[in-house]
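Everything below concerns the one structure shown next.
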Amino acid sequence: MRRVLQGAKTFFRTGDMVLLILCLVATAFGCLIISSATYTMGFLRYVIIQLVAAGMGVVLYAIISSIDVEFFSEHRYYMVLFNMFLLLLLIPFGTDNGSGNKSWLNIPLMPVDIQPAEICKITYILVMASVMASHQNQISSIPSVFHMVFHLGLLAGVNMVLSGDLGVSLIFVFIFIGMAFAGGVSIVWFLLAGGSIAVASPIIWQFLDPYQQKRILVLFDPSLDPLGVNERYHTTLSLRSLTGGGFTGQGLYQGTRTQTEGALFAQHTDFIFSAIGEELGFFGCLFVIILLSLIVARCIWVGTHSQDYVRRLVCFGAASALIFQILSNIGMCIGITPVIGLTLPFISYGGSSILSLYAMMGLVSGVHARPNPPSHERYIRPPYNALKIR
């Protein structure tokens, strides 16, 4: 008991309380919106699950914040094995959970379904940081880049094959891009990657399912489903709800489509931003964007104030995951990005999502508590230029 109390005191003294408060405010606001969006579906169940998950998330935030990032970095092989084990569970226990993708685990005796990719994105950030640190002095060399790409291909590929969830797989790609850029990988590699994707696009296109192709085509071809009854159906309803609230909204529990069951698809998860626009208007949406931007900015601020390579990469990896998810969800609601089923961080309903988000933020808090490793415990690798001179 004494150790627990001592640990709690240390956490409140050194942990990132600013980041935690921002996350709690976003979660509280999300619970309020969820209660309104699920009012016709029996809102109490959804709100209780979200609150319980948030409470567990705060505990997880504190626990992970108390563990040195270096500890995770030194055990990356175990994390790779853990990721593979978690994803392979989709074979016997995978379910689509109404999403169309077999990306959820429905394990007997478990009270809720779990989305393994949500957990894997946290461990992937740690694995990526560890791999990049092992090549820090030659980060743009061919072996270094291929090593990083291997881990990305392994995780995103296995997830895509077993779940068919392209949206979550793209999160791994964006984390990779953000961390590679922050880690100093040469811009030449980004140009080569962009050119390779452009050349391979016709081939990749053939492997996409017809519904995935149509979700992309509707963004560029106005003649495709002009009445909004097929491919544009969800986006059309989303835009009508989003713009139906004007500047101040129709009021909580008063949204025309939000309070009509079935009128707005997934109004408490994927399209919760549209529900906010309808009930709280432009100012409600602006509040959410500012709040989530502050969380991202805090992650970047903590990273830039650490001189340690691994710690800095972990913070930028967390920020990259948040940025991609926020832009994808809001873009999906306003019709400028494909509908890929990504939730709005801290706002949308989802126990696994909330737990994984608080765990990821716990990593950032840990960097805030220990921005640099103790000099007497860690070997400091000399810069590459110094090695060349010798």
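Identifiers in this document derive from the order of the structure tokens: chains are assigned A, B, ..., residues are numbered from 1 separately in each chain, and ligands are numbered from 1 in order of occurrence.
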
Original post:
Within 9 Å of stretch 37-42 of chain A, counting only C-alpha atoms, which residues qualify if same-chain residues fewer than 2 places away don't, as number ranges by chain?
Top reply: A: 32-35, 44-47, 252-253, 255, 258-261, 267-268, 272, 275-276

Original post:
Any idea what the distance is between atom CA of A:Arg240 and atom CA of A:Gly167?
Top reply: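 Separating atom CA of A:Arg240 from atom CA of A:Gly167 is a distance of 23.9 Å.
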
Subject >> Among the residues A:Phe271, A:Gly350, A:Ala26, A:His75, the one that comes closest to A:Leu126 [using only C-alpha atoms] >> reply: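 For A:Leu126, the nearest of the candidates is A:His75.
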
Original post:
With only C-alpha atoms as the basis for distance, which of A:Ile340, A:Leu90, A:Val18, A:Met160 is at the shortest distance from A:Asp113?
Top reply: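 Among the listed residues, A:Leu90 lies closest to A:Asp113.
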
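Distances to A:Phe72 were evaluated for A:Leu363, A:Ile177, A:Pro210, A:Gly194 using only C-alpha atoms, and the minimum falls at A:Leu363.
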